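One file, target_13.cif, is given below (mmCIF, C-alpha atoms (C1' of nucleotides)).
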```cif
data_entry
loop_
_atom_site.label_atom_id
_atom_site.label_comp_id
_atom_site.auth_asym_id
_atom_site.auth_seq_id
_atom_site.Cartn_x
_atom_site.Cartn_y
_atom_site.Cartn_z
CA MET S 7 -5.85 -5.45 4.84
CA SER S 8 -6.17 -8.63 6.87
CA ASP S 9 -5.02 -11.78 5.22
CA GLU S 10 -7.89 -14.21 5.54
CA ALA S 11 -11.13 -12.54 6.48
CA PRO S 12 -14.28 -14.37 5.47
CA LEU S 13 -16.69 -12.60 3.17
CA ALA S 14 -19.85 -13.53 4.99
CA PHE S 15 -20.28 -13.82 8.69
CA ALA S 16 -22.01 -17.16 8.52
CA ARG S 17 -20.08 -20.36 8.04
CA HIS S 18 -20.56 -22.00 4.70
CA ASP S 19 -19.18 -24.60 2.34
CA HIS S 20 -16.72 -22.38 0.62
CA SER S 21 -15.62 -24.52 -2.30
CA HIS S 22 -19.24 -24.92 -3.32
CA CYS S 23 -20.17 -21.32 -2.86
CA ALA S 24 -17.23 -20.11 -4.96
CA ALA S 25 -17.85 -22.62 -7.74
CA ASP S 26 -21.56 -21.98 -7.78
CA THR S 27 -21.12 -18.25 -7.90
CA LEU S 28 -18.62 -18.55 -10.72
CA ALA S 29 -21.09 -20.68 -12.67
CA ARG S 30 -23.82 -18.12 -12.13
CA ALA S 31 -21.47 -15.33 -13.12
CA GLU S 32 -20.62 -17.15 -16.32
CA ALA S 33 -24.26 -17.67 -17.13
CA GLU S 34 -24.90 -14.02 -16.50
CA ALA S 35 -21.98 -13.00 -18.69
CA ALA S 36 -23.29 -15.22 -21.49
CA ARG S 37 -26.76 -13.78 -21.11
CA LEU S 38 -25.41 -10.27 -21.45
CA GLY S 39 -23.10 -11.17 -24.32
CA LEU S 40 -20.02 -10.17 -22.36
CA ARG S 41 -16.56 -11.30 -23.25
CA LEU S 42 -15.25 -13.06 -20.19
CA THR S 43 -11.66 -13.16 -21.42
CA PRO S 44 -8.92 -15.11 -19.62
CA VAL S 45 -7.71 -12.16 -17.54
CA ARG S 46 -11.21 -11.10 -16.58
CA ARG S 47 -12.26 -14.61 -15.75
CA ARG S 48 -9.14 -15.23 -13.75
CA VAL S 49 -9.62 -12.02 -11.77
CA LEU S 50 -13.13 -13.07 -10.93
CA GLU S 51 -11.89 -16.48 -9.84
CA ILE S 52 -9.23 -14.90 -7.68
CA LEU S 53 -11.81 -12.75 -5.94
CA LEU S 54 -14.13 -15.70 -5.49
CA GLU S 55 -11.44 -17.98 -4.13
CA ALA S 56 -10.18 -15.37 -1.69
CA HIS S 57 -13.76 -14.65 -0.69
CA ARG S 58 -12.88 -11.30 0.74
CA ALA S 59 -12.13 -7.78 -0.38
CA MET S 60 -8.83 -7.50 -2.22
CA GLY S 61 -6.85 -4.48 -3.32
CA ALA S 62 -6.15 -4.06 -7.01
CA TYR S 63 -2.44 -4.53 -6.47
CA GLU S 64 -3.00 -7.70 -4.55
CA VAL S 65 -4.99 -9.06 -7.46
CA LEU S 66 -2.29 -7.83 -9.80
CA ASP S 67 0.37 -9.77 -7.92
CA ARG S 68 -1.51 -12.97 -8.47
CA LEU S 69 -2.06 -12.24 -12.12
CA ALA S 70 1.62 -11.49 -12.62
CA ALA S 71 2.56 -14.72 -10.89
CA GLU S 72 0.43 -16.56 -13.41
CA GLY S 73 1.93 -14.99 -16.48
CA PHE S 74 -0.51 -12.19 -17.15
CA GLY S 75 0.63 -8.60 -17.43
CA ASN S 76 2.17 -7.19 -14.30
CA GLN S 77 1.27 -3.54 -14.63
CA PRO S 78 -1.57 -1.84 -12.73
CA PRO S 79 -3.82 -1.20 -15.74
CA VAL S 80 -4.15 -4.92 -16.33
CA ALA S 81 -5.75 -5.43 -12.96
CA TYR S 82 -7.70 -2.20 -12.95
CA ARG S 83 -9.22 -2.83 -16.36
CA ALA S 84 -10.37 -6.31 -15.50
CA LEU S 85 -11.76 -5.15 -12.18
CA GLU S 86 -13.51 -2.23 -13.77
CA PHE S 87 -15.08 -4.54 -16.31
CA LEU S 88 -16.36 -6.85 -13.62
CA VAL S 89 -17.76 -4.02 -11.55
CA GLU S 90 -19.29 -2.37 -14.58
CA ASN S 91 -21.12 -5.56 -15.42
CA GLY S 92 -22.27 -6.45 -11.96
CA LEU S 93 -19.92 -9.38 -11.43
CA ALA S 94 -17.92 -7.65 -8.73
CA HIS S 95 -18.23 -4.72 -6.38
CA ARG S 96 -15.93 -1.94 -5.43
CA LEU S 97 -15.57 -1.06 -1.78
CA ARG S 98 -14.48 2.53 -1.74
CA ARG S 99 -13.98 2.60 1.95
CA LEU S 100 -11.36 -0.13 1.66
CA ASN S 101 -9.97 0.78 -1.73
CA ALA S 102 -10.75 -2.80 -2.58
CA PHE S 103 -12.85 -5.11 -4.71
CA ALA S 104 -14.92 -8.20 -3.99
CA ALA S 105 -16.71 -10.69 -6.19
CA CYS S 106 -20.45 -10.24 -6.36
CA MET S 107 -22.18 -13.08 -4.56
CA HIS S 108 -25.46 -12.63 -6.41
CA PRO S 109 -24.61 -12.02 -10.04
CA GLY S 110 -27.58 -11.34 -12.24
CA GLU S 111 -30.00 -10.99 -9.40
CA ASP S 112 -30.51 -7.26 -9.75
CA HIS S 113 -29.80 -6.69 -6.14
CA ALA S 114 -29.01 -3.44 -4.38
CA PRO S 115 -26.17 -4.50 -2.17
CA VAL S 116 -25.33 -2.96 1.15
CA PHE S 117 -21.86 -3.71 2.45
CA LEU S 118 -21.23 -4.39 6.07
CA ILE S 119 -17.59 -4.06 6.99
CA CYS S 120 -16.37 -5.24 10.35
CA ARG S 121 -13.87 -2.81 11.80
CA VAL S 122 -12.20 -5.54 13.83
CA CYS S 123 -11.77 -8.47 11.47
CA ASP S 124 -12.27 -6.68 8.13
CA ALA S 125 -14.86 -9.20 7.06
CA VAL S 126 -17.25 -7.88 4.44
CA ALA S 127 -20.81 -9.07 4.00
CA GLU S 128 -23.08 -8.22 1.12
CA ALA S 129 -26.49 -7.65 2.66
CA PRO S 130 -29.76 -7.30 0.76
CA GLY S 131 -30.44 -3.62 0.39
CA ALA S 132 -33.63 -3.25 -1.61
CA PRO S 133 -35.46 -1.37 1.18
CA VAL S 134 -32.43 0.83 1.72
CA ARG S 135 -32.23 1.57 -1.95
CA ALA S 136 -35.93 2.37 -2.05
CA ALA S 137 -35.57 4.83 0.80
CA LEU S 138 -32.63 6.39 -0.94
CA ASP S 139 -34.46 6.75 -4.23
CA HIS S 140 -37.27 8.43 -2.38
CA ALA S 141 -35.00 10.89 -0.61
CA ALA S 142 -33.29 11.71 -3.89
CA ALA S 143 -36.55 12.14 -5.75
CA ASP S 144 -37.55 14.79 -3.24
CA LEU S 145 -34.64 16.85 -4.53
CA GLY S 146 -35.26 16.03 -8.17
CA PHE S 147 -32.18 13.88 -8.30
CA ALA S 148 -32.16 10.72 -10.40
CA VAL S 149 -30.05 8.03 -8.79
CA GLU S 150 -28.08 5.82 -11.12
CA ARG S 151 -25.46 4.07 -9.05
CA VAL S 152 -25.07 3.72 -5.34
CA ASN S 153 -22.46 2.84 -2.79
CA ILE S 154 -23.73 1.97 0.62
CA GLU S 155 -21.06 0.90 3.03
CA ALA S 156 -21.44 0.50 6.75
CA VAL S 157 -18.63 0.03 9.21
CA GLY S 158 -19.33 -1.63 12.52
CA LEU S 159 -19.06 -4.84 14.46
CA CYS S 160 -19.84 -8.23 13.01
CA PRO S 161 -21.58 -10.75 15.26
CA VAL S 162 -18.42 -12.76 15.80
CA CYS S 163 -16.31 -9.80 16.87
CA ALA S 164 -19.17 -8.36 18.92
CA ARG S 165 -18.98 -11.41 21.13
CA GLY S 166 -15.26 -10.86 21.49
CA GLU S 167 -15.65 -7.21 22.51
CA ALA S 168 -18.32 -7.93 25.07
CA ALA S 169 -15.93 -10.18 26.98
CA MET H 1 -12.79 17.93 -10.03
CA SER H 2 -14.81 20.70 -11.59
CA ASP H 3 -13.90 24.17 -10.53
CA GLU H 4 -17.10 25.74 -9.36
CA ALA H 5 -19.86 23.24 -8.75
CA PRO H 6 -22.54 24.25 -6.27
CA LEU H 7 -23.01 22.09 -3.24
CA ALA H 8 -26.75 22.05 -3.27
CA PHE H 9 -28.93 21.96 -6.32
CA ALA H 10 -31.17 24.74 -5.19
CA ARG H 11 -30.12 28.35 -5.52
CA HIS H 12 -29.37 30.04 -2.27
CA ASP H 13 -27.77 33.06 -0.71
CA HIS H 14 -24.32 31.66 -0.44
CA SER H 15 -22.60 34.21 1.75
CA HIS H 16 -25.30 33.78 4.33
CA CYS H 17 -25.38 30.03 4.18
CA ALA H 18 -21.61 29.76 4.60
CA ALA H 19 -21.48 32.24 7.47
CA ASP H 20 -24.47 30.70 9.20
CA THR H 21 -23.08 27.23 8.93
CA LEU H 22 -19.73 28.35 10.27
CA ALA H 23 -21.47 29.94 13.24
CA ARG H 24 -23.37 26.77 13.92
CA ALA H 25 -20.21 24.72 13.57
CA GLU H 26 -18.46 26.95 16.09
CA ALA H 27 -21.32 26.62 18.53
CA GLU H 28 -21.20 22.88 18.11
CA ALA H 29 -17.44 22.81 18.61
CA ALA H 30 -17.82 24.83 21.81
CA ARG H 31 -20.56 22.55 23.02
CA LEU H 32 -18.35 19.51 22.51
CA GLY H 33 -15.31 21.18 24.02
CA LEU H 34 -13.35 20.85 20.79
CA ARG H 35 -10.29 22.89 20.03
CA LEU H 36 -11.07 24.66 16.80
CA THR H 37 -7.49 25.77 16.16
CA PRO H 38 -6.51 28.18 13.38
CA VAL H 39 -5.68 25.45 10.87
CA ARG H 40 -8.81 23.49 11.61
CA ARG H 41 -10.98 26.53 11.53
CA ARG H 42 -9.44 27.75 8.32
CA VAL H 43 -9.93 24.38 6.65
CA LEU H 44 -13.57 24.44 7.62
CA GLU H 45 -13.89 27.96 6.24
CA ILE H 46 -12.24 26.92 3.01
CA LEU H 47 -14.68 24.07 2.59
CA LEU H 48 -17.60 26.31 3.42
CA GLU H 49 -16.53 29.07 1.07
CA ALA H 50 -15.93 26.67 -1.79
CA HIS H 51 -19.23 25.02 -1.06
CA ARG H 52 -18.30 21.90 -2.90
CA ALA H 53 -16.25 18.76 -2.42
CA MET H 54 -12.53 19.44 -2.35
CA GLY H 55 -9.57 17.10 -2.45
CA ALA H 56 -7.15 17.16 0.46
CA TYR H 57 -4.38 18.49 -1.74
CA GLU H 58 -6.57 21.25 -3.00
CA VAL H 59 -7.26 22.32 0.55
CA LEU H 60 -3.57 22.00 1.29
CA ASP H 61 -2.69 24.35 -1.55
CA ARG H 62 -4.84 27.03 -0.03
CA LEU H 63 -3.42 26.50 3.43
CA ALA H 64 0.11 26.71 2.10
CA ALA H 65 -0.73 29.93 0.25
CA GLU H 66 -1.82 31.39 3.56
CA GLY H 67 1.29 30.51 5.48
CA PHE H 68 0.24 27.25 7.07
CA GLY H 69 2.25 24.10 6.60
CA ASN H 70 2.45 22.84 3.06
CA GLN H 71 2.79 19.14 3.65
CA PRO H 72 -0.05 16.63 3.26
CA PRO H 73 -0.39 15.71 6.94
CA VAL H 74 -1.36 19.27 7.77
CA ALA H 75 -4.44 19.07 5.59
CA TYR H 76 -5.24 15.47 6.37
CA ARG H 77 -5.10 15.99 10.11
CA ALA H 78 -7.38 18.97 10.05
CA LEU H 79 -9.80 17.23 7.71
CA GLU H 80 -9.80 14.10 9.80
CA PHE H 81 -10.52 16.16 12.88
CA LEU H 82 -13.47 17.86 11.22
CA VAL H 83 -14.89 14.60 9.91
CA GLU H 84 -14.37 12.86 13.21
CA ASN H 85 -16.35 15.55 14.96
CA GLY H 86 -19.15 15.87 12.48
CA LEU H 87 -18.16 19.24 11.07
CA ALA H 88 -17.27 17.86 7.65
CA HIS H 89 -17.88 14.77 5.57
CA ARG H 90 -15.67 12.59 3.52
CA LEU H 91 -16.83 11.55 0.07
CA ARG H 92 -15.02 8.35 -0.68
CA ARG H 93 -16.30 8.16 -4.18
CA LEU H 94 -14.63 11.46 -4.99
CA ASN H 95 -11.64 11.17 -2.68
CA ALA H 96 -12.81 14.47 -1.37
CA PHE H 97 -14.19 16.35 1.60
CA ALA H 98 -17.06 18.76 2.09
CA ALA H 99 -18.21 20.89 5.00
CA CYS H 100 -21.17 19.54 6.86
CA MET H 101 -24.21 21.71 6.22
CA HIS H 102 -26.01 20.60 9.36
CA PRO H 103 -23.44 20.51 12.15
CA GLY H 104 -24.77 19.26 15.44
CA GLU H 105 -28.05 18.11 14.02
CA ASP H 106 -27.37 14.41 14.38
CA HIS H 107 -28.32 13.76 10.82
CA ALA H 108 -27.66 10.69 8.72
CA PRO H 109 -26.53 12.27 5.52
CA VAL H 110 -26.97 10.76 2.09
CA PHE H 111 -24.79 12.26 -0.60
CA LEU H 112 -26.11 12.85 -4.08
CA ILE H 113 -23.34 13.37 -6.58
CA CYS H 114 -24.15 14.61 -10.06
CA ARG H 115 -22.07 12.78 -12.64
CA VAL H 116 -22.26 15.71 -15.04
CA CYS H 117 -21.55 18.81 -12.98
CA ASP H 118 -20.01 17.14 -9.89
CA ALA H 119 -22.36 19.02 -7.61
CA VAL H 120 -22.85 17.32 -4.26
CA ALA H 121 -25.97 17.59 -2.16
CA GLU H 122 -26.36 16.40 1.39
CA ALA H 123 -29.83 14.90 1.56
CA PRO H 124 -31.66 13.87 4.73
CA GLY H 125 -31.14 10.17 5.16
CA ALA H 126 -32.83 9.15 8.37
CA PRO H 127 -35.19 6.70 6.64
CA VAL H 128 -32.30 5.30 4.63
CA ARG H 129 -30.27 4.86 7.73
CA ALA H 130 -33.17 3.16 9.48
CA ALA H 131 -33.56 0.70 6.61
CA LEU H 132 -29.86 0.03 6.72
CA ASP H 133 -29.81 -0.58 10.44
CA HIS H 134 -32.64 -3.02 9.99
CA ALA H 135 -30.92 -4.93 7.21
CA ALA H 136 -27.73 -5.09 9.28
CA ALA H 137 -29.56 -6.22 12.40
CA ASP H 138 -30.90 -9.19 10.45
CA LEU H 139 -27.31 -10.36 10.13
CA GLY H 140 -26.38 -9.53 13.69
CA PHE H 141 -24.22 -6.65 12.53
CA ALA H 142 -24.03 -3.48 14.59
CA VAL H 143 -23.63 -0.44 12.37
CA GLU H 144 -21.42 2.34 13.69
CA ARG H 145 -20.58 4.56 10.76
CA VAL H 146 -22.05 4.78 7.32
CA ASN H 147 -21.24 6.13 3.91
CA ILE H 148 -24.14 6.43 1.54
CA GLU H 149 -23.23 7.97 -1.77
CA ALA H 150 -25.38 8.02 -4.87
CA VAL H 151 -24.22 9.02 -8.32
CA GLY H 152 -26.76 10.24 -10.83
CA LEU H 153 -28.22 13.26 -12.50
CA CYS H 154 -29.05 16.44 -10.65
CA PRO H 155 -32.20 18.31 -11.70
CA VAL H 156 -30.26 21.01 -13.51
CA CYS H 157 -28.21 18.61 -15.61
CA ALA H 158 -31.22 16.37 -16.20
CA ARG H 159 -32.84 19.22 -18.09
CA GLY H 160 -29.68 19.60 -20.11
CA GLU H 161 -29.58 15.93 -21.08
CA ALA H 162 -33.20 15.81 -22.08
CA ALA H 163 -32.60 18.52 -24.69
"C1'" DA I 23 9.06 27.52 36.76
"C1'" DC I 24 8.29 23.20 34.89
"C1'" DA I 25 6.30 19.00 33.33
"C1'" DT I 26 2.86 17.22 30.14
"C1'" DG I 27 0.17 16.48 26.25
"C1'" DG I 28 -1.84 17.98 22.08
"C1'" DG I 29 -1.17 20.08 17.90
"C1'" DC I 30 1.76 21.47 14.10
"C1'" DG I 31 5.51 21.34 10.62
"C1'" DT I 32 8.60 18.52 8.13
"C1'" DT I 33 10.88 14.50 6.00
"C1'" DA I 34 10.29 10.61 3.76
"C1'" DC I 35 7.76 7.24 1.79
"C1'" DC I 36 3.94 4.10 0.42
"C1'" DT I 37 -0.32 2.95 -1.91
"C1'" DT I 38 -3.74 3.65 -5.28
"C1'" DA I 39 -5.02 4.96 -9.83
"C1'" DT I 40 -4.89 6.65 -14.68
"C1'" DA I 41 -3.24 8.58 -19.27
"C1'" DA I 42 -1.38 7.35 -23.47
"C1'" DC I 43 0.48 4.44 -26.93
"C1'" DA I 44 1.82 0.18 -29.31
"C1'" DA I 45 0.84 -4.52 -30.44
"C1'" DT I 46 -2.39 -7.98 -30.73
"C1'" DT I 47 -6.61 -10.43 -31.09
"C1'" DC I 48 -11.58 -10.87 -32.12
"C1'" DG I 49 -15.61 -10.88 -34.75
"C1'" DC I 50 -17.58 -9.63 -38.59
"C1'" DT I 51 -18.19 -8.53 -43.61
"C1'" DT I 52 -17.09 -9.20 -48.06
"C1'" DA M 12 -10.39 -16.79 -46.63
"C1'" DA M 13 -8.92 -12.06 -46.61
"C1'" DG M 14 -9.44 -7.86 -44.67
"C1'" DC M 15 -11.23 -4.33 -41.70
"C1'" DG M 16 -12.70 -1.88 -37.47
"C1'" DA M 17 -13.27 -2.39 -32.71
"C1'" DA M 18 -12.05 -4.29 -28.47
"C1'" DT M 19 -8.43 -6.07 -25.56
"C1'" DT M 20 -3.98 -6.45 -23.71
"C1'" DG M 21 0.76 -5.18 -22.45
"C1'" DT M 22 3.85 -1.46 -21.31
"C1'" DT M 23 5.76 3.03 -19.99
"C1'" DA M 24 5.33 6.66 -17.28
"C1'" DT M 25 3.36 9.48 -13.98
"C1'" DA M 26 -0.41 11.49 -11.36
"C1'" DA M 27 -3.07 11.50 -7.20
"C1'" DG M 28 -4.10 10.14 -2.61
"C1'" DG M 29 -2.51 9.01 1.92
"C1'" DT M 30 0.44 7.91 6.23
"C1'" DA M 31 4.40 6.91 9.63
"C1'" DA M 32 7.47 8.99 12.46
"C1'" DC M 33 10.08 12.57 14.60
"C1'" DG M 34 10.88 16.89 16.91
"C1'" DC M 35 9.41 21.45 18.12
"C1'" DC M 36 6.32 24.52 20.17
"C1'" DC M 37 2.79 26.12 22.94
"C1'" DA M 38 -1.08 25.94 26.09
"C1'" DT M 39 -2.43 24.12 30.49
"C1'" DG M 40 -2.24 22.82 35.10
"C1'" DT M 41 0.71 22.04 39.22
#
```
So that I can check it, write out the structure of this file as C-alpha cells.
Amino acid sequence: MSDEAPLAFARHDHSHCAADTLARAEAEAARLGLRLTPVRRRVLEILLEAHRAMGAYEVLDRLAAEGFGNQPPVAYRALEFLVENGLAHRLRRLNAFAACMHPGEDHAPVFLICRVCDAVAEAPGAPVRAALDHAAADLGFAVERVNIEAVGLCPVCARGEAA
Amino acid sequence: MSDEAPLAFARHDHSHCAADTLARAEAEAARLGLRLTPVRRRVLEILLEAHRAMGAYEVLDRLAAEGFGNQPPVAYRALEFLVENGLAHRLRRLNAFAACMHPGEDHAPVFLICRVCDAVAEAPGAPVRAALDHAAADLGFAVERVNIEAVGLCPVCARGEAA
DNA sequence: ACATGGGCGTTACCTTATAACAATTCGCTT
DNA sequence: AAGCGAATTGTTATAAGGTAACGCCCATGT
C-alpha cells in the first residue's frame, strides 16, 4: 500500500473536502438514527483525513495510538458499521477501506484503482449499475449489493507511462 | 463456503458442461501457446468438476491428496496462471476462484453471487463493461482489468424467501 | 552434452479476518 | 431515579488467506 496516494485524480482543497464530507456524513448518520460513537467517528475521520484506501490494521494502529482498543475487532467492527451504513466503502481488491465521498447520495459507486500510484477514485456508476441490474434480471437474479472495481491507469500516471 | 452449490442457476447436464469447457480451455491454451502442465490442468479440472467457487486452500487439499505439492504456493501459482490467462476467475468477495465457463470468448464477466446458497453465476457483462469504460473515460482513466461482483438472491432462493 | 529458463516443491512467514466471551454503556420503561 | 435489555467495546485466541525466497528438476535449444 503506497503511503500518500490521493483519493481522486483531480486536485482539490483537501481540508475543505474532508471537513465537508464529514459534516455530510454526520447529517446522514443523524437522519438514519445511527450511533456515530467515538470509535466509529474517529475511524471515519481517519479515512477522510488520509483520503485514500487504508487497510484495517493501518486504521487500527492509529486507533491504538489514540487510546482506543488495539485489537483487530475494534477496527473491523467500526469499519463494518461505516460500510454497512454507506459512510465508507470496502475495496476488496485492495483489502482496504475508504471513506465514502458522497454519503447519503444514494450513489452506485464504481472504483477506479490506478495500478501505478494506487490512487482510488469513486466514479459515478448509475449507468453501470443499471446495466448490471438488467443483466442480472435476465437470469432472475435480484441484485442487492455490488462491488465494481476497475484497475488501470489514472490520467496522471498515463502521462508518465507514455514518456 | 457451502459444500455443493451449483455454479449456474439453471439446471444443466453437468458432466457434459465440465468436459466441454475443459476441451475449450485446452484449445484456448494451445492457441495461446500456454503450457498447461499437470498441476495447472488438474487445478482447472478440479474447479470445473466442483462447478462452484473454491478457496485456494480447498483446491490445495485436493492437489495434496493426489500427490502434488501440499504447500500454498502450489495452488496459488496454478490459480494465478489460470486467472492470468482467462481460464479461471477470481472472486474477491469470496476469496475464491472459479473456472471460466467461456474460455477464449473475450467476455466481460459479471458475477452474481447468491447470499443464501452461495451459488455463483457468470453473466454476460459486455453492456456493463461498456458503461464502466465510459464512466472511467470521463475521468481520463484507462480501464485494464475489472471485477464486477453482485451479491443478491438467486431465482431458486428467492422462491424460498417468498414463502 | 550442456547451459538456460520455467515450473515445482518446500520452508518460513506475513497479512487479513473472525469467533467468542466479559465488561461496560446506552436508551428506554417503569 | 432505578432497573432492564440491547448495543457497544475491549480482549483473548485463532482461523483463513496469501507471499517471498531458495533450490531442484526437467524440458528445450545449441
Exercise: residues within 6 Å of coordinate (-13.2, -20.2, -10.0), counting all atoms listed in the file, as a PDB file with C-alpha atoms, in the frame of the given file:
```pdb
ATOM      1  CA  ALA S  25     -17.850 -22.620  -7.740  1.00  0.00           C
ATOM      2  CA  LEU S  28     -18.620 -18.550 -10.720  1.00  0.00           C
ATOM      3  CA  GLU S  51     -11.890 -16.480  -9.840  1.00  0.00           C
TER       4      GLU S  51
END
```
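Evaluated on this file, the PyMOL selection byres ((chain M) within 9 of (chain S)) matches DT19, DT20, DG21 and DT22 of chain M.
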Define the interface residues of chain S facing chain I as those within 9 Å, counting only C-alpha atoms (C1' of nucleotides), and report them as a PyMOL selection string. chain S and resi 61-63+78-79+82+101
Set the cut-off to 6 Å and count all atoms listed in the file: what are the residues of chain H that reach chain S? Output as a PDB file with C-alpha atoms, in the coordinates of the input.
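The file below, selection-v3.pdb, is the result:
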```pdb
ATOM      1  CA  ARG H  92     -15.020   8.350  -0.680  1.00  0.00           C
ATOM      2  CA  VAL H 128     -32.300   5.300   4.630  1.00  0.00           C
ATOM      3  CA  ALA H 131     -33.560   0.700   6.610  1.00  0.00           C
ATOM      4  CA  LEU H 132     -29.860   0.030   6.720  1.00  0.00           C
ATOM      5  CA  GLY H 140     -26.380  -9.530  13.690  1.00  0.00           C
ATOM      6  CA  PHE H 141     -24.220  -6.650  12.530  1.00  0.00           C
ATOM      7  CA  ALA H 142     -24.030  -3.480  14.590  1.00  0.00           C
ATOM      8  CA  VAL H 143     -23.630  -0.440  12.370  1.00  0.00           C
ATOM      9  CA  GLU H 144     -21.420   2.340  13.690  1.00  0.00           C
ATOM     10  CA  ARG H 145     -20.580   4.560  10.760  1.00  0.00           C
ATOM     11  CA  VAL H 146     -22.050   4.780   7.320  1.00  0.00           C
ATOM     12  CA  ASN H 147     -21.240   6.130   3.910  1.00  0.00           C
ATOM     13  CA  ILE H 148     -24.140   6.430   1.540  1.00  0.00           C
ATOM     14  CA  GLU H 149     -23.230   7.970  -1.770  1.00  0.00           C
ATOM     15  CA  ALA H 150     -25.380   8.020  -4.870  1.00  0.00           C
ATOM     16  CA  VAL H 151     -24.220   9.020  -8.320  1.00  0.00           C
ATOM     17  CA  GLY H 152     -26.760  10.240 -10.830  1.00  0.00           C
ATOM     18  CA  LEU H 153     -28.220  13.260 -12.500  1.00  0.00           C
ATOM     19  CA  CYS H 154     -29.050  16.440 -10.650  1.00  0.00           C
ATOM     20  CA  PRO H 155     -32.200  18.310 -11.700  1.00  0.00           C
TER      21      PRO H 155
END
```
Would you please work out which residue, of H:Leu44, H:Ala65, H:Ala98, H:Val120, is nearest to H:Ala29 when using only C-alpha atoms? H:Leu44
Distance in Å - atom CA of S:Arg47 versus atom CA of S:Met60: 15.7 Å
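With atom C1' of M:DC37 on one side and atom CA of H:Gly86 on the other, the separation reads 26.4 Å.
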Have a look at atom CA of S:Ala125 and atom C1' of M:DG28 and let me know their distance in Å, one decimal. 24.2 Å
Please determine, counting all atoms listed in the file, which residue among S:Glu167, S:Glu90, S:Asp124, S:Glu55 has the shortest atom-to-atom distance to S:Ala102.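 Closest to S:Ala102, using all atoms listed in the file: S:Asp124.
Selection result for the displayed file, with the PyMOL selection byres ((chain S and resi 24) around 12) as criterion, is Leu13, His18, Asp19, His20, Ser21, His22, Cys23, Ala25, Asp26, Thr27, Leu28, Ala29, Arg30, Ala31, Leu50, Glu51, Ile52, Leu53, Leu54, Glu55, Ala56, His57, Arg58, Ala105, Cys106, Met107 and His108 of chain S.
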Export, as a PDB file, in the coordinates of the input, the selected residues with C-alpha atoms.
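Saved to again_14.pdb:
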```pdb
ATOM      1  CA  LEU S  13     -16.690 -12.600   3.170  1.00  0.00           C
ATOM      2  CA  HIS S  18     -20.560 -22.000   4.700  1.00  0.00           C
ATOM      3  CA  ASP S  19     -19.180 -24.600   2.340  1.00  0.00           C
ATOM      4  CA  HIS S  20     -16.720 -22.380   0.620  1.00  0.00           C
ATOM      5  CA  SER S  21     -15.620 -24.520  -2.300  1.00  0.00           C
ATOM      6  CA  HIS S  22     -19.240 -24.920  -3.320  1.00  0.00           C
ATOM      7  CA  CYS S  23     -20.170 -21.320  -2.860  1.00  0.00           C
ATOM      8  CA  ALA S  25     -17.850 -22.620  -7.740  1.00  0.00           C
ATOM      9  CA  ASP S  26     -21.560 -21.980  -7.780  1.00  0.00           C
ATOM     10  CA  THR S  27     -21.120 -18.250  -7.900  1.00  0.00           C
ATOM     11  CA  LEU S  28     -18.620 -18.550 -10.720  1.00  0.00           C
ATOM     12  CA  ALA S  29     -21.090 -20.680 -12.670  1.00  0.00           C
ATOM     13  CA  ARG S  30     -23.820 -18.120 -12.130  1.00  0.00           C
ATOM     14  CA  ALA S  31     -21.470 -15.330 -13.120  1.00  0.00           C
ATOM     15  CA  LEU S  50     -13.130 -13.070 -10.930  1.00  0.00           C
ATOM     16  CA  GLU S  51     -11.890 -16.480  -9.840  1.00  0.00           C
ATOM     17  CA  ILE S  52      -9.230 -14.900  -7.680  1.00  0.00           C
ATOM     18  CA  LEU S  53     -11.810 -12.750  -5.940  1.00  0.00           C
ATOM     19  CA  LEU S  54     -14.130 -15.700  -5.490  1.00  0.00           C
ATOM     20  CA  GLU S  55     -11.440 -17.980  -4.130  1.00  0.00           C
ATOM     21  CA  ALA S  56     -10.180 -15.370  -1.690  1.00  0.00           C
ATOM     22  CA  HIS S  57     -13.760 -14.650  -0.690  1.00  0.00           C
ATOM     23  CA  ARG S  58     -12.880 -11.300   0.740  1.00  0.00           C
ATOM     24  CA  ALA S 105     -16.710 -10.690  -6.190  1.00  0.00           C
ATOM     25  CA  CYS S 106     -20.450 -10.240  -6.360  1.00  0.00           C
ATOM     26  CA  MET S 107     -22.180 -13.080  -4.560  1.00  0.00           C
ATOM     27  CA  HIS S 108     -25.460 -12.630  -6.410  1.00  0.00           C
TER      28      HIS S 108
END
```
Tell me which of H:Arg42, H:Arg31, H:Arg11, H:Arg159 sits closest to H:Pro103, counting all atoms listed in the file.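 Result for the nearest residue to H:Pro103: H:Arg31.
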